[in-house]
Amino acid sequence: AASNGHVAAMFYIGTALSDGQDDNCLLWLSMAHNRGHLGACYEMSRYFARNKNFLDSLRCLIISADSGFDIAYITLFDISIITNMLKIQDLSSIETILDELLQVSNYSGARYFKGILSLLQEKRIEGKALLKSFMQTPKRQLRQNEVDDFYDNQIQMISNFIENLIQDIDTGIPLLNAINDRSNEANFANFE
């Protein structure tokens with residue numbers, strides 16, 4: 001069925017192979033993603049993270065979240081994602097990926113990571129500006145007839161998270177401690 005274009009079959013094959021650590025999972029998951037399956041790119045992100053390829057994991061997670069997969073979106077803000085990002089040796093490769101994703105979308109989660117990266121590089125003004133910009137449009141706007149309480153609650157939760165994070169930074173709390181505390185407080189999703 002997957003070979004004949006059945007998207008759900010592609011996804012199921014991909015996830016079954018990823019559980020067994022088979023790199024062929026990426027073929028099936030990317031095919032499912034390219035045909036519109038929202039969870040496929042998230043599963044690729046999980047697979048890359050399990051295999052310590054944190055750069056591609058970050059890329060796929062942001063793409064999945066930007067595509068509208070709510071679990072990926074809520075995972076963006078978990079401290080484990082920042083911890084994994086810090087394990088990437090080539091800082092310029094992170095910046096390149098984030099810049100590419102920012103060119104594609106005005107509402108990308110890449111703005112959040114770009115802000116955090118700026119703060120980690122001691123660029124406080126730039127980092128806080130990016131976080132505030134992200135807080136203004138933290139997620140793709142839905143059409144008025146599609147907005148529901150779940151969407152509104154997500155926007156409020158992320159806005160509160162960013163606002164509290166900025167306050168913590170302003171009061172001198174170390175960035176990673178603030179992210180960890182606020183992430184745990186919000187109980188964001190993670191790959192586990």
# chains A, B, ... in the order shown; residues from 1 in each chain; ligands from 1
$ select_by_dssp --residues "range 93-134 of chain A" --states "helix (DSSP H, G or I)" --output "compact mmCIF listing (two decimals) with N, CA, C and O atoms, in the first residue's frame"
# COMPACT_ATOMS: atom_id res chain seq x y z
N SER A 93 26.26 26.13 11.64
CA SER A 93 25.26 25.28 10.98
C SER A 93 23.88 25.48 11.61
O SER A 93 22.86 25.45 10.91
N ILE A 94 23.84 25.71 12.92
CA ILE A 94 22.56 26.00 13.58
C ILE A 94 22.02 27.32 13.04
O ILE A 94 20.83 27.41 12.69
N GLU A 95 22.86 28.32 12.98
CA GLU A 95 22.43 29.64 12.49
C GLU A 95 21.93 29.55 11.06
O GLU A 95 20.93 30.18 10.71
N THR A 96 22.62 28.77 10.23
CA THR A 96 22.20 28.61 8.83
C THR A 96 20.81 27.99 8.74
O THR A 96 19.95 28.48 8.00
N ILE A 97 20.59 26.93 9.49
CA ILE A 97 19.27 26.27 9.48
C ILE A 97 18.18 27.23 9.96
O ILE A 97 17.12 27.34 9.34
N LEU A 98 18.44 27.93 11.04
CA LEU A 98 17.44 28.85 11.58
C LEU A 98 17.14 29.96 10.58
O LEU A 98 15.98 30.32 10.37
N ASP A 99 18.18 30.51 9.95
CA ASP A 99 17.97 31.57 8.95
C ASP A 99 17.17 31.06 7.76
O ASP A 99 16.28 31.75 7.25
N GLU A 100 17.45 29.84 7.32
CA GLU A 100 16.70 29.25 6.19
C GLU A 100 15.22 29.10 6.56
O GLU A 100 14.34 29.42 5.76
N LEU A 101 14.96 28.62 7.76
CA LEU A 101 13.57 28.44 8.18
C LEU A 101 12.85 29.77 8.38
O LEU A 101 11.66 29.88 8.10
N LEU A 102 13.58 30.77 8.83
CA LEU A 102 12.98 32.10 9.00
C LEU A 102 12.61 32.73 7.66
O LEU A 102 11.65 33.50 7.58
N GLN A 103 13.37 32.41 6.61
CA GLN A 103 13.05 32.95 5.29
C GLN A 103 11.78 32.35 4.73
O GLN A 103 11.09 32.98 3.93
N VAL A 104 11.45 31.15 5.16
CA VAL A 104 10.29 30.45 4.64
C VAL A 104 9.00 30.89 5.32
O VAL A 104 7.93 30.89 4.72
N ALA A 110 11.66 28.86 14.53
CA ALA A 110 13.09 29.20 14.41
C ALA A 110 13.39 30.53 15.09
O ALA A 110 14.50 30.73 15.59
N ARG A 111 12.40 31.43 15.15
CA ARG A 111 12.62 32.72 15.84
C ARG A 111 12.91 32.50 17.32
O ARG A 111 13.74 33.18 17.91
N TYR A 112 12.22 31.55 17.92
CA TYR A 112 12.46 31.24 19.33
C TYR A 112 13.91 30.77 19.53
O TYR A 112 14.62 31.27 20.40
N PHE A 113 14.33 29.82 18.70
CA PHE A 113 15.69 29.28 18.85
C PHE A 113 16.75 30.31 18.49
O PHE A 113 17.81 30.34 19.10
N LYS A 114 16.46 31.16 17.53
CA LYS A 114 17.39 32.23 17.18
C LYS A 114 17.53 33.19 18.37
O LYS A 114 18.63 33.65 18.68
N GLY A 115 16.43 33.48 19.04
CA GLY A 115 16.47 34.33 20.23
C GLY A 115 17.27 33.69 21.35
O GLY A 115 18.11 34.35 21.98
N ILE A 116 17.05 32.40 21.59
CA ILE A 116 17.79 31.69 22.63
C ILE A 116 19.27 31.64 22.28
O ILE A 116 20.13 31.88 23.14
N LEU A 117 19.57 31.37 21.02
CA LEU A 117 20.97 31.33 20.58
C LEU A 117 21.64 32.69 20.78
O LEU A 117 22.78 32.76 21.25
N SER A 118 20.94 33.75 20.46
CA SER A 118 21.48 35.11 20.67
C SER A 118 21.75 35.36 22.15
O SER A 118 22.79 35.91 22.52
N LEU A 119 20.83 34.94 23.01
CA LEU A 119 21.03 35.11 24.45
C LEU A 119 22.23 34.29 24.94
O LEU A 119 23.00 34.76 25.78
N LEU A 120 22.39 33.09 24.42
CA LEU A 120 23.53 32.26 24.79
C LEU A 120 24.86 32.89 24.35
O LEU A 120 25.89 32.66 24.97
N ARG A 124 22.06 40.15 24.40
CA ARG A 124 20.81 40.26 25.15
C ARG A 124 19.74 41.06 24.42
O ARG A 124 18.58 40.66 24.39
N ILE A 125 20.10 42.18 23.86
CA ILE A 125 19.10 43.03 23.20
C ILE A 125 18.49 42.30 22.00
O ILE A 125 17.26 42.25 21.85
N GLU A 126 19.35 41.72 21.18
CA GLU A 126 18.87 40.99 20.00
C GLU A 126 18.04 39.77 20.41
O GLU A 126 16.97 39.52 19.86
N GLY A 127 18.53 39.03 21.41
CA GLY A 127 17.82 37.83 21.86
C GLY A 127 16.45 38.15 22.42
O GLY A 127 15.46 37.49 22.08
N LYS A 128 16.38 39.14 23.28
CA LYS A 128 15.08 39.52 23.85
C LYS A 128 14.13 40.05 22.78
O LYS A 128 12.93 39.77 22.82
N ALA A 129 14.66 40.80 21.81
CA ALA A 129 13.82 41.32 20.72
C ALA A 129 13.24 40.16 19.91
O ALA A 129 12.06 40.19 19.54
N LEU A 130 14.05 39.15 19.64
CA LEU A 130 13.55 37.99 18.89
C LEU A 130 12.49 37.23 19.69
O LEU A 130 11.48 36.80 19.14
N LEU A 131 12.71 37.08 20.99
CA LEU A 131 11.71 36.40 21.81
C LEU A 131 10.40 37.19 21.87
O LEU A 131 9.31 36.62 21.79
N LYS A 132 10.51 38.51 21.99
CA LYS A 132 9.31 39.34 22.01
C LYS A 132 8.59 39.28 20.67
O LYS A 132 7.35 39.23 20.61
N SER A 133 9.35 39.26 19.59
CA SER A 133 8.76 39.13 18.25
C SER A 133 8.04 37.79 18.12
O SER A 133 6.94 37.72 17.59
N PHE A 134 8.68 36.75 18.63
CA PHE A 134 8.06 35.43 18.58
C PHE A 134 6.78 35.41 19.40
O PHE A 134 5.78 34.81 19.00
$ closest_atom_pairs --of "range 70-117 of chain A" --to "range 174-180 of chain A" --cutoff "10 Å" --atoms "only C-alpha atoms" --output "Markdown table"
| residue | atom | partner | partner_atom | distance |
| --- | --- | --- | --- | --- |
| A:Phe77 | CA | A:Ile179 | CA | 8.3 |
| A:Asp78 | CA | A:Asn180 | CA | 7.7 |
| A:Ile79 | CA | A:Asn180 | CA | 5.3 |
| A:Ser80 | CA | A:Asn180 | CA | 8.6 |
| A:Ile82 | CA | A:Leu176 | CA | 8.4 |
| A:Thr83 | CA | A:Leu176 | CA | 8.8 |
| A:Ile116 | CA | A:Leu175 | CA | 8.4 |
$ atom_distance --atom1 "CA of Ser45 in chain A" --atom2 "CA of Gln89 in chain A"
18.1 Å
$ closest_residue --among "A:Lys87, A:Lys139, A:Arg182, A:His6" --to "Arg35 in chain A" --atoms "only C-alpha atoms"
A:His6
$ closest_atom_pairs --of "range 62-109 of chain A" --to "range 151-163 of chain A" --cutoff "12 Å" --atoms "only C-alpha atoms" --output "CSV"
residue,atom,partner,partner_atom,distance
A:Gly68,CA,A:Tyr151,CA,10.9
A:Phe69,CA,A:Tyr151,CA,11.8
A:Asp70,CA,A:Gln154,CA,8.9
A:Ile71,CA,A:Gln154,CA,10.9
A:Tyr73,CA,A:Gln154,CA,9.2
A:Ile74,CA,A:Gln154,CA,8.1
A:Thr75,CA,A:Ile158,CA,11.3
A:Leu76,CA,A:Ile158,CA,10.3
A:Phe77,CA,A:Ile158,CA,8.4
A:Asp78,CA,A:Phe161,CA,10.8
A:Gly109,CA,A:Ile158,CA,11.2
$ write_last_selection --atoms "N, CA, C and O atoms" --output "CSV table (one decimal), in the first residue's frame"
chain,number,residue,atom,x,y,z
A,68,GLY,N,2.2,22.6,11.5
A,68,GLY,CA,0.9,22.5,12.3
A,68,GLY,C,0.8,21.3,13.2
A,68,GLY,O,-0.3,21.1,13.7
A,69,PHE,N,1.8,20.5,13.4
A,69,PHE,CA,1.7,19.4,14.3
A,69,PHE,C,1.9,19.9,15.7
A,69,PHE,O,2.9,20.3,16.1
A,70,ASP,N,0.8,19.8,16.5
A,70,ASP,CA,0.7,20.4,17.8
A,70,ASP,C,1.7,19.8,18.8
A,70,ASP,O,2.3,20.5,19.6
A,71,ILE,N,1.9,18.5,18.7
A,71,ILE,CA,2.9,17.8,19.6
A,71,ILE,C,4.3,18.4,19.4
A,71,ILE,O,5.0,18.6,20.3
A,73,TYR,N,5.0,21.3,18.2
A,73,TYR,CA,5.0,22.7,18.6
A,73,TYR,C,5.2,22.8,20.1
A,73,TYR,O,6.0,23.5,20.6
A,74,ILE,N,4.5,21.9,20.9
A,74,ILE,CA,4.7,22.0,22.3
A,74,ILE,C,6.0,21.4,22.8
A,74,ILE,O,6.6,21.7,23.8
A,75,THR,N,6.6,20.5,21.9
A,75,THR,CA,8.0,20.0,22.2
A,75,THR,C,9.1,21.0,22.0
A,75,THR,O,10.1,21.0,22.7
A,76,LEU,N,8.8,22.0,21.1
A,76,LEU,CA,9.9,23.0,20.8
A,76,LEU,C,10.4,23.6,22.1
A,76,LEU,O,11.6,24.0,22.2
A,77,PHE,N,9.6,23.8,23.1
A,77,PHE,CA,10.0,24.6,24.3
A,77,PHE,C,10.5,23.8,25.4
A,77,PHE,O,10.8,24.4,26.5
A,78,ASP,N,10.6,22.5,25.3
A,78,ASP,CA,11.1,21.7,26.4
A,78,ASP,C,12.6,21.9,26.5
A,78,ASP,O,13.3,22.0,25.5
A,109,GLY,N,9.0,28.6,14.4
A,109,GLY,CA,9.6,28.4,15.7
A,109,GLY,C,11.1,28.7,15.7
A,109,GLY,O,11.7,28.8,16.8
$ residues_around --residues "Cys25 in chain A" --least-positions-apart "3" --cutoff "8 Å" --atoms "only C-alpha atoms" --output "NGL selection string"
:A and (13-18 or 22 or 28-29)
$ closest_residue --among "A:Asn24, A:Asn190, A:Tyr12, A:Met135" --to "Leu165 in chain A" --atoms "only C-alpha atoms"
A:Met135
$ closest_residue --among "A:Ser108, A:Ser64, A:Asn84, A:Asn164" --to "Arg50 in chain A" --atoms "only C-alpha atoms"
A:Asn84
$ atom_distance --atom1 "CA of Cys41 in chain A" --atom2 "CA of Ala65 in chain A"
9.0 Å
$ closest_residue --among "A:Tyr47, A:Phe191, A:Phe150, A:Phe54" --to "Leu86 in chain A" --atoms "only C-alpha atoms"
A:Phe54
$ atom_distance --atom1 "CA of Ser67 in chain A" --atom2 "CA of Leu38 in chain A"
6.8 Å
$ residues_around --residues "Ala32 in chain A" --least-positions-apart "4" --cutoff "6 Å" --atoms "only C-alpha atoms" --output "list in words"
Val7, Met10, Phe11 and His37 of chain A
